[in-house]
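Novice: This structure is in structure tokens; I'll ask about it shortly.
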Amino acid sequence: MIGFLLRRPGLVALLTLVVTLAGFVLTGMSLKLDGDVARAIKGRSEAYTAFIAFEAQFAAPSKDEVLLVQSTDLGAEENFAALEDLIIDLQLSDGVLGVLSVFSVPDPEGGALSYLARTDLQDVPPGKRLDDFLTQSHLARQVMAADRSATILSVIPDLDMPVADRLAALDAVVQETALTVTPVGLSALQRQITDALISDQLFLAPMSIVICLGLAFLIFRSWRAALICGIPPVLGLGWTFGFMALTGIAMDPLMSIVPTVLIVLAIADTVHVYHAILRQLETQPLKTAIAVGMAETMPAVVLASATTAVAFLSLFFVGSPTLQGLAIVGPVGLALTLIAVLISVPLSSLFLLNKGALGREPVGFVSVIRLAVGLLPRWRWATGLALITLAALLFVQRNTVPGFNLLDHVPRGSEFRQTLAALDAALPGSDQLYVVVDAADPAPGVSRADRDRLRDVSAAIYGASQTAWPEVDPAVLDTAVAQRVFGIDGAQFALPVPARLSDDWRDTLARADEVEGLLAAAAVGDVTTVTSYSLMASVELPLVVKELRLSFYIAVGLVTVLAAVLMRSVVLALLSLVPNLIPILGVELWLIVSGLPMTITGAIALTIAFGIAVDDTIHLLNRLRVARTDHGEINIHSLTDALSATVPPVVTTSLILLAGFSMTIFSQMPSVAVFGQLVASAMLLALIADLFLFPSLLLWGRKFHGSL
């Protein structure tokens, strides 16, 4: 393979360029984006089942467009009139089936009309009418601020109309009003995430490459080296995006971590190969140096990619749709990146390197080598420290707490966050919990028995301010607005309870428990169910985190078996677990001490970090394999030779990994930034463990397996 590349470099380079350009073109034309965080859900809990049934019965309330309408005083004549006009225009807009607003709130006194539509109040000034309504109705206080500065509208969309078309029609109406109107609901949140995905891919991927290559330039002190290191990630990324576009796998909040992983690993693998080629160039002609350097390092590079691929594949065991996509794209992307390294490094080295153009000697990290080698005579002390540290971390890990917050995926400092904060200060929230009430009378429509049950449930959750339920005209039951309360077939009814979209899973669960307690106290708990998108996610996503913990241990087991087979030594495989588990468990300890929950992003980060952390161990063992040809066994001399050859590329790649993953701090999505920070922290700990603890463990392991 390498021989063919070196004999036909021009042809191979042209074909590679064409395929890469095709991948990027296909990406721009067909790559899907999806901001729905709940795609990570597998759906096996009662909360999930209840939510799916609720969505079917009440025509998917989670798809509604929630709008925050603001003004200095909505009770002023002109503003009240503007609000009425806005609602009428929205109802007449294409793609809108109905609008839920303060004008939809029923009369607390049980009248057939809504309170604000009562004919006997039409001559009352709007300000007084709203004040009286807010005083009398708990439901009114859910959708309008006490100072009349803000109100919430829920626009029921026609889901058969293309999203872009109905959003354009909605925006056209909003632009015509003098009131301030801002989307604040779940649909708007998911669009914010989608927009952030686009921005991240346009900014983070190029910047990660630039930063990593800048670091490579500083370490190798050669622009040629930086260019050689920069080609594989571009190729691998173009091919991976093209694969996603061809297969229809969407870029979602969790999938957004893949480009950064591929970029930094492609550059790290190239650094190892490039170091080997440079060493061979000291005594060999260019083509021979390339062939020998590739042959010397590619087995370790392949194994390193395989361990990270196994970490991705372990996500299959969770079974959720988006994680299965991640489990496919991750390994495929790694394989394509590996091919990019295999093709581009020999070609670019052939075109760019010669003995007269190598530049200055790369940084050798001599002080690090001295420190690592200096610890070898003290291997018993270092071994004891490693084993005690691992045992302590395994014990502490039991205190990890799973968690979830929708805003972890919303751009920091965005207008959406600011609007949500303003809404939370003025109103109970833009989100809803729903109390689903079973009909008392199985007959279609809303019977007297149904109204009595609704009265009892309303009294439990709203208090005495909203207990009267008038007769309902059967003619209106088929309307979109009525279906939000009375359902599609009349078998159930839904009563909203305000909640905050910004609440984390603990607050959401506590709010649901509070409502269920009120229902139980009123003796209606057996005929009601509390549900919502946020509640379902708050139950399901922490369960996914727990299953991800299982996938992490599966990854550990699979990587250990893979290492044992490829290294032909069970002892070596088990010993390599120690320096690779310590970094992961060390990061978990930081989460525990900081009081931070283990989120889905965090659990994935640590699983992938384990697969990456094994890379340095593999390269050290590969170099040790070469060194043992001179010394015959693992001893201080062979380890000294292995460390002398391994430290420069390992430290270089670790610095590149740190730089690449640290770039995620500039991501618009906090979840991606957390992913990068956790992986970068694990990489730093892995470097320390591999260079200063693992060699001593190898010396200690001889007693269990002779010379290993």
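Residue names in the structure tokens use chain letters A, B, ... in the order shown, residue numbers from 1 in each chain, and ligand numbers from 1 in the order shown.
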Write out as JSON lines a residue-level contact list of region 58-169 of chain A versus region 482-506 of chain A with cut-off 10 Å: for each qualifying residue the closest pair of atoms and the distance in Å to one decimal, counting only C-alpha atoms, rows sorted by chain and residue number upward.
Specialist:
{"residue": "A:Phe58", "atom": "CA", "partner": "A:Gly487", "partner_atom": "CA", "distance": 4.8}
{"residue": "A:Ala59", "atom": "CA", "partner": "A:Gln483", "partner_atom": "CA", "distance": 7.1}
{"residue": "A:Ala60", "atom": "CA", "partner": "A:Arg484", "partner_atom": "CA", "distance": 8.7}
{"residue": "A:Pro61", "atom": "CA", "partner": "A:Arg484", "partner_atom": "CA", "distance": 7.1}
{"residue": "A:Gly98", "atom": "CA", "partner": "A:Ala482", "partner_atom": "CA", "distance": 9.3}
{"residue": "A:Leu100", "atom": "CA", "partner": "A:Arg484", "partner_atom": "CA", "distance": 9.0}
{"residue": "A:Ser104", "atom": "CA", "partner": "A:Ala482", "partner_atom": "CA", "distance": 9.8}
{"residue": "A:Leu139", "atom": "CA", "partner": "A:Pro496", "partner_atom": "CA", "distance": 8.6}
{"residue": "A:Arg141", "atom": "CA", "partner": "A:Pro498", "partner_atom": "CA", "distance": 9.7}
{"residue": "A:Gln142", "atom": "CA", "partner": "A:Pro498", "partner_atom": "CA", "distance": 6.3}
{"residue": "A:Val143", "atom": "CA", "partner": "A:Pro498", "partner_atom": "CA", "distance": 8.8}
{"residue": "A:Ile156", "atom": "CA", "partner": "A:Arg484", "partner_atom": "CA", "distance": 9.1}
Novice: Could you pull the residues within 8 Å of Leu684 (chain A), counting only C-alpha atoms, minus those fewer than 6 positions along the same chain, as a ChimeraX atom specification?
Specialist: /A:583,654,658
Novice: Find the spatial neighbours of Ala327 (chain A), counting only C-alpha atoms, within a cut-off of 6 Å - ignore same-chain residues fewer than 6 positions away - and output them as number ranges by chain.
Specialist: A: 312-313, 315-316
Novice: Okay, now the selection with C-alpha atoms, as a PDB file, in the first residue's frame?
Specialist:
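Printed below is selection.pdb as written:
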ATOM      1  CA  PHE A 312     -17.952   4.736  20.608  1.00  0.00           C
ATOM      2  CA  LEU A 313     -19.374   1.299  19.820  1.00  0.00           C
ATOM      3  CA  LEU A 315     -22.822   3.433  23.173  1.00  0.00           C
ATOM      4  CA  PHE A 316     -24.890   0.919  21.193  1.00  0.00           C
TER       5      PHE A 316
END
Novice: Quick check for you: according to DSSP on this backbone, which residues of region 73-207 of chain A are classed as strand (DSSP E)? Reply as a list of chain:residue names.
Specialist: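 Taking region 73-207 of chain A and keeping strand (DSSP E) gives A:Val96, A:Leu97, A:Gly98, A:Val99, A:Leu100, A:Ala150, A:Thr151, A:Ile152, A:Leu153, A:Ser154, A:Val155, A:Ile156, A:Pro157, A:Thr180, A:Val181, A:Thr182, A:Pro183.
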Novice: Set the distance at 8 Å and use only C-alpha atoms: which residues neighbour Ala196 (chain A) once local chain neighbours fewer than 5 positions away are removed? I'd like the list as a list in words.
Specialist: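 Skipping anything fewer than 5 positions along the chain leaves Val410, Pro411, Gln668 and Met669 of chain A.
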Novice: Write the residues you've just listed into a file as a PDB file, in the first residue's frame, and include C-alpha atoms for each of them.
Specialist:
ATOM      1  CA  VAL A 410     -28.678  26.438  24.723  1.00  0.00           C
ATOM      2  CA  PRO A 411     -26.100  29.046  23.606  1.00  0.00           C
ATOM      3  CA  GLN A 668     -21.989  28.293  21.922  1.00  0.00           C
ATOM      4  CA  MET A 669     -23.407  25.216  23.642  1.00  0.00           C
TER       5      MET A 669
END
Novice: At a cut-off of 7 Å, using only C-alpha atoms, what residues contact Phe661 (chain A)? Leave out same-chain residues fewer than 3 positions from it and give the result as a PDB file with C-alpha atoms, in the first residue's frame.
Specialist:
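Wrote result-v9.pdb, looks like this:
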ATOM      1  CA  THR A 260     -13.503  17.780  17.481  1.00  0.00           C
ATOM      2  CA  LEU A 657      -5.269  16.978  22.394  1.00  0.00           C
ATOM      3  CA  LEU A 658      -5.411  19.501  25.232  1.00  0.00           C
ATOM      4  CA  THR A 664     -14.586  23.774  22.853  1.00  0.00           C
ATOM      5  CA  GLY A 676     -14.100  19.360  25.853  1.00  0.00           C
ATOM      6  CA  GLN A 677     -13.122  20.365  29.381  1.00  0.00           C
ATOM      7  CA  VAL A 679     -11.807  15.158  27.959  1.00  0.00           C
ATOM      8  CA  ALA A 680      -8.945  17.671  28.156  1.00  0.00           C
TER       9      ALA A 680
END
Novice: Please identify all polymer residues within 10 Å of region 418-427 of chain A, counting only C-alpha atoms, omitting same-chain residues fewer than 2 positions from it, and present them as a PyMOL selection string.
Specialist: chain A and resi 68-70+141-152+182-185+412-416+429-430+498-502
Novice: Put those residues in a file: N, CA and C atoms, as an mmCIF file, in the first residue's frame.
Specialist:
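So the final result, stored in out_11.cif, reads:
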data_model
loop_
_atom_site.group_PDB
_atom_site.id
_atom_site.type_symbol
_atom_site.label_atom_id
_atom_site.label_comp_id
_atom_site.auth_asym_id
_atom_site.auth_seq_id
_atom_site.Cartn_x
_atom_site.Cartn_y
_atom_site.Cartn_z
ATOM 1 N N LEU A 68 -43.591 35.206 23.904
ATOM 2 C CA LEU A 68 -43.656 36.170 24.997
ATOM 3 C C LEU A 68 -43.954 37.542 24.386
ATOM 4 N N VAL A 69 -45.067 38.158 24.794
ATOM 5 C CA VAL A 69 -45.463 39.478 24.305
ATOM 6 C C VAL A 69 -45.245 40.480 25.433
ATOM 7 N N GLN A 70 -44.472 41.522 25.164
ATOM 8 C CA GLN A 70 -44.113 42.490 26.196
ATOM 9 C C GLN A 70 -44.469 43.912 25.770
ATOM 10 N N ARG A 141 -53.245 34.313 35.877
ATOM 11 C CA ARG A 141 -51.911 34.650 36.418
ATOM 12 C C ARG A 141 -50.820 33.755 35.844
ATOM 13 N N GLN A 142 -51.225 32.640 35.217
ATOM 14 C CA GLN A 142 -50.240 31.794 34.557
ATOM 15 C C GLN A 142 -49.736 32.410 33.247
ATOM 16 N N VAL A 143 -50.595 33.198 32.602
ATOM 17 C CA VAL A 143 -50.251 33.678 31.255
ATOM 18 C C VAL A 143 -50.060 35.184 31.163
ATOM 19 N N MET A 144 -50.296 35.917 32.270
ATOM 20 C CA MET A 144 -50.072 37.368 32.240
ATOM 21 C C MET A 144 -49.397 37.816 33.528
ATOM 22 N N ALA A 145 -48.402 38.705 33.392
ATOM 23 C CA ALA A 145 -47.677 39.219 34.547
ATOM 24 C C ALA A 145 -48.585 40.086 35.399
ATOM 25 N N ALA A 146 -48.323 40.120 36.696
ATOM 26 C CA ALA A 146 -49.157 40.885 37.618
ATOM 27 C C ALA A 146 -49.139 42.372 37.295
ATOM 28 N N ASP A 147 -48.008 42.872 36.754
ATOM 29 C CA ASP A 147 -47.933 44.296 36.418
ATOM 30 C C ASP A 147 -48.379 44.573 34.981
ATOM 31 N N ARG A 148 -48.916 43.546 34.318
ATOM 32 C CA ARG A 148 -49.461 43.668 32.962
ATOM 33 C C ARG A 148 -48.387 44.001 31.916
ATOM 34 N N SER A 149 -47.131 43.721 32.227
ATOM 35 C CA SER A 149 -46.052 44.049 31.290
ATOM 36 C C SER A 149 -45.773 42.931 30.297
ATOM 37 N N ALA A 150 -46.295 41.730 30.549
ATOM 38 C CA ALA A 150 -45.975 40.599 29.674
ATOM 39 C C ALA A 150 -47.098 39.576 29.709
ATOM 40 N N THR A 151 -47.254 38.881 28.603
ATOM 41 C CA THR A 151 -48.200 37.775 28.527
ATOM 42 C C THR A 151 -47.648 36.722 27.577
ATOM 43 N N ILE A 152 -48.183 35.521 27.705
ATOM 44 C CA ILE A 152 -47.725 34.403 26.885
ATOM 45 C C ILE A 152 -48.832 33.981 25.932
ATOM 46 N N THR A 182 -41.325 37.687 21.346
ATOM 47 C CA THR A 182 -40.127 36.848 21.301
ATOM 48 C C THR A 182 -40.507 35.389 21.521
ATOM 49 N N PRO A 183 -40.034 34.459 20.675
ATOM 50 C CA PRO A 183 -40.281 33.029 20.908
ATOM 51 C C PRO A 183 -39.540 32.559 22.165
ATOM 52 N N VAL A 184 -40.225 31.801 23.026
ATOM 53 C CA VAL A 184 -39.597 31.380 24.282
ATOM 54 C C VAL A 184 -39.853 29.912 24.621
ATOM 55 N N GLY A 185 -40.558 29.178 23.805
ATOM 56 C CA GLY A 185 -40.951 27.825 24.161
ATOM 57 C C GLY A 185 -39.948 26.768 23.762
ATOM 58 N N ARG A 412 -24.836 30.092 25.358
ATOM 59 C CA ARG A 412 -24.615 30.997 26.485
ATOM 60 C C ARG A 412 -24.678 32.448 26.011
ATOM 61 N N GLY A 413 -25.275 33.296 26.839
ATOM 62 C CA GLY A 413 -25.354 34.711 26.512
ATOM 63 C C GLY A 413 -26.282 35.043 25.371
ATOM 64 N N SER A 414 -27.081 34.062 24.925
ATOM 65 C CA SER A 414 -27.970 34.302 23.797
ATOM 66 C C SER A 414 -29.164 35.144 24.220
ATOM 67 N N GLU A 415 -29.801 35.753 23.230
ATOM 68 C CA GLU A 415 -31.008 36.532 23.487
ATOM 69 C C GLU A 415 -32.098 35.631 24.067
ATOM 70 N N PHE A 416 -32.118 34.374 23.635
ATOM 71 C CA PHE A 416 -33.115 33.434 24.145
ATOM 72 C C PHE A 416 -32.980 33.264 25.654
ATOM 73 N N GLY A 429 -43.614 30.844 34.270
ATOM 74 C CA GLY A 429 -42.729 30.110 33.373
ATOM 75 C C GLY A 429 -43.345 29.924 32.010
ATOM 76 N N SER A 430 -42.492 29.564 31.020
ATOM 77 C CA SER A 430 -42.975 29.351 29.655
ATOM 78 C C SER A 430 -43.221 27.880 29.369
ATOM 79 N N PRO A 498 -48.106 25.764 35.403
ATOM 80 C CA PRO A 498 -46.894 26.435 34.905
ATOM 81 C C PRO A 498 -45.613 25.838 35.467
ATOM 82 N N ALA A 499 -44.576 25.855 34.644
ATOM 83 C CA ALA A 499 -43.242 25.393 35.052
ATOM 84 C C ALA A 499 -42.217 26.211 34.281
ATOM 85 N N ARG A 500 -40.982 26.143 34.725
ATOM 86 C CA ARG A 500 -39.915 26.925 34.088
ATOM 87 C C ARG A 500 -39.108 26.035 33.155
ATOM 88 N N LEU A 501 -38.897 26.522 31.945
ATOM 89 C CA LEU A 501 -38.070 25.794 30.991
ATOM 90 C C LEU A 501 -36.611 25.745 31.457
ATOM 91 N N SER A 502 -36.237 26.679 32.317
ATOM 92 C CA SER A 502 -34.854 26.751 32.797
ATOM 93 C C SER A 502 -34.582 25.834 33.981
#
Novice: Within 12 Å of region 295-299 of chain A, counting only C-alpha atoms, which residues qualify if same-chain residues fewer than 5 places away don't, as a ChimeraX atom specification?
Specialist: /A:1-3,269-277,279-280,288-290,304-306,338-339,341-343,345-346,566-567,615,618-626,645-646,649
Novice: Out of A:Leu265, A:Ala613, A:Ile328, A:Leu116, which residue has the shortest atom-to-atom distance to Ser208 (chain A) when counting only C-alpha atoms?
Specialist: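 Using only C-alpha atoms, the shortest distance to Ser208 (chain A) belongs to A:Leu265.
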Novice: Run DSSP on the backbone and tell me which residues of region 86-276 of chain A come out as helix (DSSP H, G or I); list them as a VMD selection string.
Specialist: chain A and resid 86 to 92 102 to 104 115 to 117 119 to 121 126 to 136 138 to 143 163 to 176 186 to 220 223 to 247 255 to 276
Novice: Once you have the residues from the selection above, write them out as a tab-separated table (two decimals), in the first residue's frame, restricted to C-alpha atoms.
Specialist:
chain	number	residue	atom	x	y	z
A	86	LEU	CA	-51.96	40.36	17.11
A	87	ILE	CA	-53.97	37.38	18.28
A	88	ILE	CA	-56.53	37.80	15.48
A	89	ASP	CA	-53.77	38.11	12.87
A	90	LEU	CA	-52.04	35.00	14.23
A	91	GLN	CA	-55.28	33.02	14.10
A	92	LEU	CA	-55.75	34.01	10.47
A	102	VAL	CA	-55.34	35.31	28.11
A	103	PHE	CA	-58.49	35.65	25.99
A	104	SER	CA	-58.84	31.83	26.04
A	115	TYR	CA	-63.84	36.26	31.04
A	116	LEU	CA	-62.40	38.90	28.72
A	117	ALA	CA	-65.08	38.17	26.12
A	119	THR	CA	-70.34	41.41	26.98
A	120	ASP	CA	-71.04	43.05	30.33
A	121	LEU	CA	-67.35	44.01	30.65
A	126	PRO	CA	-58.86	47.27	29.66
A	127	GLY	CA	-56.53	47.95	32.58
A	128	LYS	CA	-59.23	47.42	35.21
A	129	ARG	CA	-60.62	44.42	33.30
A	130	LEU	CA	-57.19	42.75	33.36
A	131	ASP	CA	-56.58	43.62	37.02
A	132	ASP	CA	-59.92	42.14	38.07
A	133	PHE	CA	-59.25	39.05	35.98
A	134	LEU	CA	-55.77	38.56	37.48
A	135	THR	CA	-57.28	38.88	40.95
A	136	GLN	CA	-60.01	36.32	40.32
A	138	HIS	CA	-55.33	31.56	38.85
A	139	LEU	CA	-55.19	30.56	35.17
A	140	ALA	CA	-54.95	34.22	34.16
A	141	ARG	CA	-51.91	34.65	36.42
A	142	GLN	CA	-50.24	31.79	34.56
A	143	VAL	CA	-50.25	33.68	31.26
A	163	VAL	CA	-41.64	24.29	9.21
A	164	ALA	CA	-39.84	27.01	7.27
A	165	ASP	CA	-43.07	28.18	5.63
A	166	ARG	CA	-45.09	28.41	8.84
A	167	LEU	CA	-42.26	30.15	10.68
A	168	ALA	CA	-42.00	32.69	7.86
A	169	ALA	CA	-45.76	33.34	8.05
A	170	LEU	CA	-45.55	33.67	11.84
A	171	ASP	CA	-42.65	36.10	11.60
A	172	ALA	CA	-44.53	38.22	9.07
A	173	VAL	CA	-47.37	38.71	11.58
A	174	VAL	CA	-45.00	39.46	14.43
A	175	GLN	CA	-43.20	42.10	12.41
A	176	GLU	CA	-46.42	44.04	11.94
A	186	LEU	CA	-39.55	24.38	23.60
A	187	SER	CA	-39.72	24.68	19.80
A	188	ALA	CA	-37.73	27.93	19.95
A	189	LEU	CA	-35.21	26.28	22.29
A	190	GLN	CA	-34.66	23.45	19.82
A	191	ARG	CA	-34.14	25.96	17.00
A	192	GLN	CA	-31.58	27.76	19.15
A	193	ILE	CA	-29.71	24.48	19.53
A	194	THR	CA	-29.86	23.83	15.78
A	195	ASP	CA	-28.49	27.30	15.02
A	196	ALA	CA	-25.71	26.74	17.57
A	197	LEU	CA	-24.84	23.45	15.86
A	198	ILE	CA	-24.31	25.28	12.59
A	199	SER	CA	-22.26	28.05	14.19
A	200	ASP	CA	-20.12	25.55	16.10
A	201	GLN	CA	-19.28	23.51	13.02
A	202	LEU	CA	-18.40	26.64	11.05
A	203	PHE	CA	-16.19	28.02	13.85
A	204	LEU	CA	-14.93	25.25	16.13
A	205	ALA	CA	-13.73	22.78	13.51
A	206	PRO	CA	-11.55	25.30	11.60
A	207	MET	CA	-10.30	26.90	14.81
A	208	SER	CA	-9.42	23.53	16.35
A	209	ILE	CA	-7.37	22.71	13.27
A	210	VAL	CA	-5.65	26.12	13.31
A	211	ILE	CA	-4.79	25.93	17.02
A	212	CYS	CA	-3.52	22.35	16.80
A	213	LEU	CA	-1.43	23.14	13.75
A	214	GLY	CA	-0.06	26.27	15.39
A	215	LEU	CA	1.05	24.14	18.31
A	216	ALA	CA	2.56	21.58	15.93
A	217	PHE	CA	4.47	24.39	14.22
A	218	LEU	CA	5.86	25.61	17.56
A	219	ILE	CA	6.92	22.11	18.62
A	220	PHE	CA	8.34	20.92	15.30
A	223	TRP	CA	5.69	24.93	8.57
A	224	ARG	CA	6.07	21.74	6.57
A	225	ALA	CA	5.37	19.67	9.67
A	226	ALA	CA	2.30	21.77	10.45
A	227	LEU	CA	0.99	21.31	6.91
A	228	ILE	CA	1.58	17.55	6.99
A	229	CYS	CA	-0.33	17.36	10.29
A	230	GLY	CA	-3.16	19.54	8.95
A	231	ILE	CA	-4.17	17.50	5.91
A	232	PRO	CA	-5.55	14.32	7.59
A	233	PRO	CA	-8.18	16.08	9.77
A	234	VAL	CA	-9.53	18.01	6.77
A	235	LEU	CA	-9.80	14.82	4.72
A	236	GLY	CA	-11.29	12.78	7.56
A	237	LEU	CA	-13.82	15.48	8.39
A	238	GLY	CA	-14.93	15.88	4.77
A	239	TRP	CA	-15.39	12.13	4.36
A	240	THR	CA	-17.24	11.76	7.68
A	241	PHE	CA	-19.65	14.61	6.96
A	242	GLY	CA	-20.26	13.11	3.53
A	243	PHE	CA	-21.01	9.74	5.13
A	244	MET	CA	-23.54	11.37	7.48
A	245	ALA	CA	-25.20	13.16	4.58
A	246	LEU	CA	-25.40	9.96	2.52
A	247	THR	CA	-26.85	7.88	5.35
A	255	MET	CA	-23.20	14.22	17.59
A	256	SER	CA	-21.54	17.65	17.56
A	257	ILE	CA	-18.65	16.27	19.64
A	258	VAL	CA	-17.49	14.00	16.81
A	259	PRO	CA	-15.72	16.61	14.61
A	260	THR	CA	-13.50	17.78	17.48
A	261	VAL	CA	-12.61	14.19	18.37
A	262	LEU	CA	-11.70	13.36	14.78
A	263	ILE	CA	-9.66	16.53	14.30
A	264	VAL	CA	-7.45	16.15	17.35
A	265	LEU	CA	-6.99	12.40	16.93
A	266	ALA	CA	-6.06	12.79	13.26
A	267	ILE	CA	-3.41	15.35	14.15
A	268	ALA	CA	-2.20	13.26	17.12
A	269	ASP	CA	-1.84	10.13	14.95
A	270	THR	CA	0.02	12.12	12.32
A	271	VAL	CA	2.42	13.47	14.94
A	272	HIS	CA	3.40	9.93	15.95
A	273	VAL	CA	4.00	8.93	12.33
A	274	TYR	CA	5.87	12.15	11.55
A	275	HIS	CA	8.18	11.68	14.55
A	276	ALA	CA	9.03	8.17	13.32
Novice: Just checking: using only C-alpha atoms, which residue out of A:Ala440, A:Val368, A:Val435, A:Leu543 ends up closest to Val457 (chain A)?
Specialist: A:Val435
Novice: Could you tell me which of A:Leu278, A:Val556, A:Val155, A:Val124 comes closest to Val481 (chain A) if we count only C-alpha atoms?
Specialist: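 Ranked by minimum distance to Val481 (chain A), first place goes to A:Val155.
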Novice: Which residue gives the smallest distance to Leu541 (chain A) among A:Pro253, A:Asn405, A:Asp438, A:Lys287, with only C-alpha atoms counted?
Specialist: A:Asn405
